[in-house]
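In what follows, a single structure is set out as structure tokens and then discussed.
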Amino acid sequence: MPSSLSQRAVQPDAAESNAVVDNSRPGKRARVGLRLRLALPLLIIGLIIAFLVGLYVGYQPLSLAALKTDPIARAVFFRLRLPRVVMAGLVGASLAMVGAALQALFRNPLADPFTLGVSGGASLGASVAIAFGLGLNLVGVPFIFIAAFVGASVSVLLVYRLARSGGGTMLPGALLLAGVVLNLSASAGVLVIQYLASYGRALQILRWLIGSLDVVGFDLIWKMLVFLIPGWLVLIAHARDLHLLATGESDSAASLGVDVRRTERMVFLASSLIVAVTVSVGGAIGFVGLIVPHAARLVFGQDVRVLLSASFLLGAAFLILADTLARVAISPGELPVGAITALLGGPVFLLLLKRQQRYSAM
Amino acid sequence: MPSDSSTTGALIQADHLEFSYSSVPAVVDVSLSLPRGAMGALIGANGSGKSTLIRLLAGLLAPGTGEVIFDGASLSTIHPRERAKRIAYVPQSSSNVFPFTALEVVLTGRSPYSGRFRFESAHDEQIALSALNALDAAHLASRHITELSGGERQLVTVARALAQEPELLLLDEPASALDLKHRTQLTRALRKLRDERGMTILMITHDLMLLDSAADLIIAMKCGRLIASGAPSVVLTEALLGEVYDAPVRTMRSDGRTFVWSEL
């Protein structure tokens, strides 16, 4: 290029454009990078606080003295409390990040693994696996997870096909309807399976569907990380492409050099993988992927590259706190954490729906 | 008639392009050549294949048969990110769901120049602001894109394309929602880019009024075929426009300009 636009001086015909440059606060805006650098420490501090609260609060409050002397207290802490808080953090971070990614990919602020029926598909897959008693492993991978992954992938692809019109634009209303229909079909499928399954199996499915982040020791957590980490990395690697998709649409993103089809495939794959893992261990925990990215937007703005990381950290903190609440709310009993997230998420969803109607026709 | 594809100095050439949307042909045997530094206008009735042709030239669609040659190389062999530094495309309309600021949208035009994990620099921001400024739209910079009018959004989208600092700028009806002032401003800005920076421009337009003073070349399409290509004085005739639009068209020359209208 002979000369760059930046070298051209502000056009002289403009008292208007002077006022204008002032108005646009250039210094503030370009520093999205700076914003992320400020956001990260804040979020990390928040996560640490949530983590400590999660570790401290419980049926038996944490006592450092007992931890030093009492082997039972130590076992309770290291084999039950600590893994559970870590598990809540991992599941929350994963769901929130997937939510942020799907919202950008579908250009729909109401997208979330739960609202799009991806969790529903995973649940159906997992229920089938439980009903047939396939508590088996396939090369070390539990069959229930494979079935959940298949269910999640099929849902994502279906919802994508259904929501796409001929020209390649996403219809926000169609997307959500497709998600609703998928969720209903998946629930119906689960009901049929429960009905046909033996009493014991049906109960197993029910317990599992309600979901819990209860875990003993770290073995399961290591196994989860084997699948979660690649999923996270794929999403982070596509952060820029997702940002370009969110700011415009597929043609604009493509003209900026994004391989849209490849991005869609990779994000679908990573999202299905992550949702399948979280659903396999904790059941369908809804709305985390909806609430958390929007909370992050309020503080950190719309930039998807910032949002993915911010949602990850905020999601971990959020679900740790929600799960802590679930553990102590009706102590010594326990609420399903999915009920708490759904109680919080429902109103947020409705609020967003109302706001979206203002912005774009459904 | 289609230019000879061996024309020297052509920045972009189409060589017997064909494209169909699931068996419905949209572009049929189109060959054209746009010289470096020229401003071309693509005209034709609705559904005549203009948008498809411009998306083929932008590399967003792959032709069924034929080839697009950009600067001597087949467009399909140029990596998308490399292409994005050299060819910018302005879609007809863009839907915006998230309330990004206009400046954030324009800044995405800089993404081909930065790495996957890099944020835009202050330099990129300067370029983005200048791009808005060139369209007299700097006042939109901090406004939310979701709150802008259709015309304002169009300006922002054109600014994003300018921020790409392309050699070739392809625009799909960039002025369709613009008021008279901004339409004139846009045409002026495009002419200035051509004159001062040697940018090659091709735009789809239904606004035949501004063409003869702005365009070097007018390409007319009908039913997916290219039916005329030449200087404004050659193409903007009653007979040819009548054929292009399948409607009686009147023209009148005055002050060295062609006025086009249609009888009711």
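Residues are referred to by chain and number: the chain letter is A, B, ... according to the order shown in the structure tokens, the number counts from 1 in that chain, and ligands are numbered separately from 1 in the order shown.
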With stretch 293-308 of chain A as the partner and 7 Å as the cut-off, tabulate the residues of stretch 178-278 of chain A that qualify, each row holding the nearest pair of atoms and their distance in Å to one decimal, using only C-alpha atoms, sorted by chain and rising number, as JSON lines.
```
{"residue": "A:Ala239", "atom": "CA", "partner": "A:Arg305", "partner_atom": "CA", "distance": 5.0}
{"residue": "A:Arg240", "atom": "CA", "partner": "A:Arg305", "partner_atom": "CA", "distance": 6.0}
{"residue": "A:Leu242", "atom": "CA", "partner": "A:Val304", "partner_atom": "CA", "distance": 6.7}
{"residue": "A:His243", "atom": "CA", "partner": "A:Val304", "partner_atom": "CA", "distance": 4.8}
```
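The list of residues with at least one atom within 9 Å of A:Ala93, based on only C-alpha atoms and without residues fewer than 5 positions apart in the same chain, reads Ala88, Val98, Val288, Gly289, Ser311, Phe312, Leu313, Leu314, Gly315, Ala316, Ala317, Phe318 and Leu319 of chain A.
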Writing out the chosen residues with N, CA and C atoms as a PDB file, in the first residue's frame:
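What ended up in again02.pdb:
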```pdb
ATOM      1  N   ALA A  88     -16.601 -28.434  41.057  1.00  0.00           N
ATOM      2  CA  ALA A  88     -17.553 -27.355  40.780  1.00  0.00           C
ATOM      3  C   ALA A  88     -16.878 -26.284  39.922  1.00  0.00           C
ATOM      4  N   VAL A  98     -18.152 -22.416  27.230  1.00  0.00           N
ATOM      5  CA  VAL A  98     -18.913 -22.931  26.089  1.00  0.00           C
ATOM      6  C   VAL A  98     -20.075 -21.986  25.776  1.00  0.00           C
ATOM      7  N   VAL A 288     -25.699 -21.891  33.492  1.00  0.00           N
ATOM      8  CA  VAL A 288     -24.392 -21.326  33.856  1.00  0.00           C
ATOM      9  C   VAL A 288     -23.796 -20.628  32.634  1.00  0.00           C
ATOM     10  N   GLY A 289     -23.934 -21.286  31.471  1.00  0.00           N
ATOM     11  CA  GLY A 289     -23.387 -20.739  30.234  1.00  0.00           C
ATOM     12  C   GLY A 289     -24.135 -19.516  29.744  1.00  0.00           C
ATOM     13  N   SER A 311     -15.231 -15.411  31.228  1.00  0.00           N
ATOM     14  CA  SER A 311     -16.321 -16.327  31.569  1.00  0.00           C
ATOM     15  C   SER A 311     -15.780 -17.581  32.235  1.00  0.00           C
ATOM     16  N   PHE A 312     -14.617 -18.027  31.755  1.00  0.00           N
ATOM     17  CA  PHE A 312     -13.995 -19.228  32.322  1.00  0.00           C
ATOM     18  C   PHE A 312     -13.766 -19.040  33.825  1.00  0.00           C
ATOM     19  N   LEU A 313     -13.116 -17.925  34.178  1.00  0.00           N
ATOM     20  CA  LEU A 313     -12.768 -17.685  35.590  1.00  0.00           C
ATOM     21  C   LEU A 313     -14.015 -17.381  36.418  1.00  0.00           C
ATOM     22  N   LEU A 314     -14.891 -16.559  35.837  1.00  0.00           N
ATOM     23  CA  LEU A 314     -16.105 -16.180  36.565  1.00  0.00           C
ATOM     24  C   LEU A 314     -17.024 -17.391  36.743  1.00  0.00           C
ATOM     25  N   GLY A 315     -17.072 -18.242  35.714  1.00  0.00           N
ATOM     26  CA  GLY A 315     -17.908 -19.440  35.763  1.00  0.00           C
ATOM     27  C   GLY A 315     -17.463 -20.378  36.878  1.00  0.00           C
ATOM     28  N   ALA A 316     -16.144 -20.507  37.037  1.00  0.00           N
ATOM     29  CA  ALA A 316     -15.612 -21.359  38.106  1.00  0.00           C
ATOM     30  C   ALA A 316     -16.056 -20.821  39.462  1.00  0.00           C
ATOM     31  N   ALA A 317     -15.858 -19.506  39.650  1.00  0.00           N
ATOM     32  CA  ALA A 317     -16.225 -18.891  40.931  1.00  0.00           C
ATOM     33  C   ALA A 317     -17.722 -19.035  41.174  1.00  0.00           C
ATOM     34  N   PHE A 318     -18.511 -18.812  40.118  1.00  0.00           N
ATOM     35  CA  PHE A 318     -19.969 -18.853  40.247  1.00  0.00           C
ATOM     36  C   PHE A 318     -20.461 -20.221  40.692  1.00  0.00           C
ATOM     37  N   LEU A 319     -19.975 -21.266  40.012  1.00  0.00           N
ATOM     38  CA  LEU A 319     -20.519 -22.581  40.350  1.00  0.00           C
ATOM     39  C   LEU A 319     -19.991 -23.087  41.700  1.00  0.00           C
TER      40      LEU A 319
END
```
### Task
Could you tell me which of A:Val275, A:Ala254, A:Ala73, A:Leu67 comes closest to chain B if we count only C-alpha atoms?
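Looking only at the distances to chain B, the closest residue turns out to be A:Ala254.
Each of A:Val192, A:Leu321, A:Leu64, A:Phe349 was checked against A:Leu47 using only C-alpha atoms; the smallest atom-to-atom distance is that of A:Leu321.
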### Query
Can you list, as number ranges by chain, every protein, DNA or RNA residue that comes within 7 Å of A:Ser272 when you count only C-alpha atoms, leaving out same-chain residues fewer than 6 positions away?
A: 149, 152-153
Could you give me, as a PDB file with N, CA and C atoms, in the first residue's frame, the residues within 9 Å of A:Gln103, counting only C-alpha atoms and dropping anything in the same chain fewer than 5 positions from it?
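What landed in selection_36.pdb:
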```
ATOM      1  N   VAL A  98     -18.152 -22.416  27.230  1.00  0.00           N
ATOM      2  CA  VAL A  98     -18.913 -22.931  26.089  1.00  0.00           C
ATOM      3  C   VAL A  98     -20.075 -21.986  25.776  1.00  0.00           C
ATOM      4  N   ASN A 108     -26.181 -15.166  19.023  1.00  0.00           N
ATOM      5  CA  ASN A 108     -27.415 -15.154  19.782  1.00  0.00           C
ATOM      6  C   ASN A 108     -27.107 -15.088  21.275  1.00  0.00           C
ATOM      7  N   PRO A 109     -27.517 -14.003  21.933  1.00  0.00           N
ATOM      8  CA  PRO A 109     -27.187 -13.843  23.352  1.00  0.00           C
ATOM      9  C   PRO A 109     -27.901 -14.846  24.249  1.00  0.00           C
ATOM     10  N   LEU A 110     -28.860 -15.580  23.712  1.00  0.00           N
ATOM     11  CA  LEU A 110     -29.591 -16.540  24.534  1.00  0.00           C
ATOM     12  C   LEU A 110     -29.067 -17.961  24.371  1.00  0.00           C
ATOM     13  N   ALA A 111     -28.020 -18.114  23.581  1.00  0.00           N
ATOM     14  CA  ALA A 111     -27.471 -19.453  23.374  1.00  0.00           C
ATOM     15  C   ALA A 111     -26.700 -19.903  24.606  1.00  0.00           C
ATOM     16  N   ASP A 112     -26.788 -21.188  24.871  1.00  0.00           N
ATOM     17  CA  ASP A 112     -26.160 -21.758  26.065  1.00  0.00           C
ATOM     18  C   ASP A 112     -26.330 -23.260  25.885  1.00  0.00           C
ATOM     19  N   ALA A 246     -18.935 -12.697  15.821  1.00  0.00           N
ATOM     20  CA  ALA A 246     -19.899 -11.999  16.683  1.00  0.00           C
ATOM     21  C   ALA A 246     -20.092 -10.550  16.254  1.00  0.00           C
ATOM     22  N   LEU A 290     -25.281 -19.247  30.359  1.00  0.00           N
ATOM     23  CA  LEU A 290     -26.056 -18.067  29.971  1.00  0.00           C
ATOM     24  C   LEU A 290     -25.762 -16.897  30.907  1.00  0.00           C
ATOM     25  N   PRO A 293     -21.517 -15.495  31.063  1.00  0.00           N
ATOM     26  CA  PRO A 293     -21.001 -14.591  30.026  1.00  0.00           C
ATOM     27  C   PRO A 293     -21.665 -13.215  30.055  1.00  0.00           C
TER      28      PRO A 293
END
```
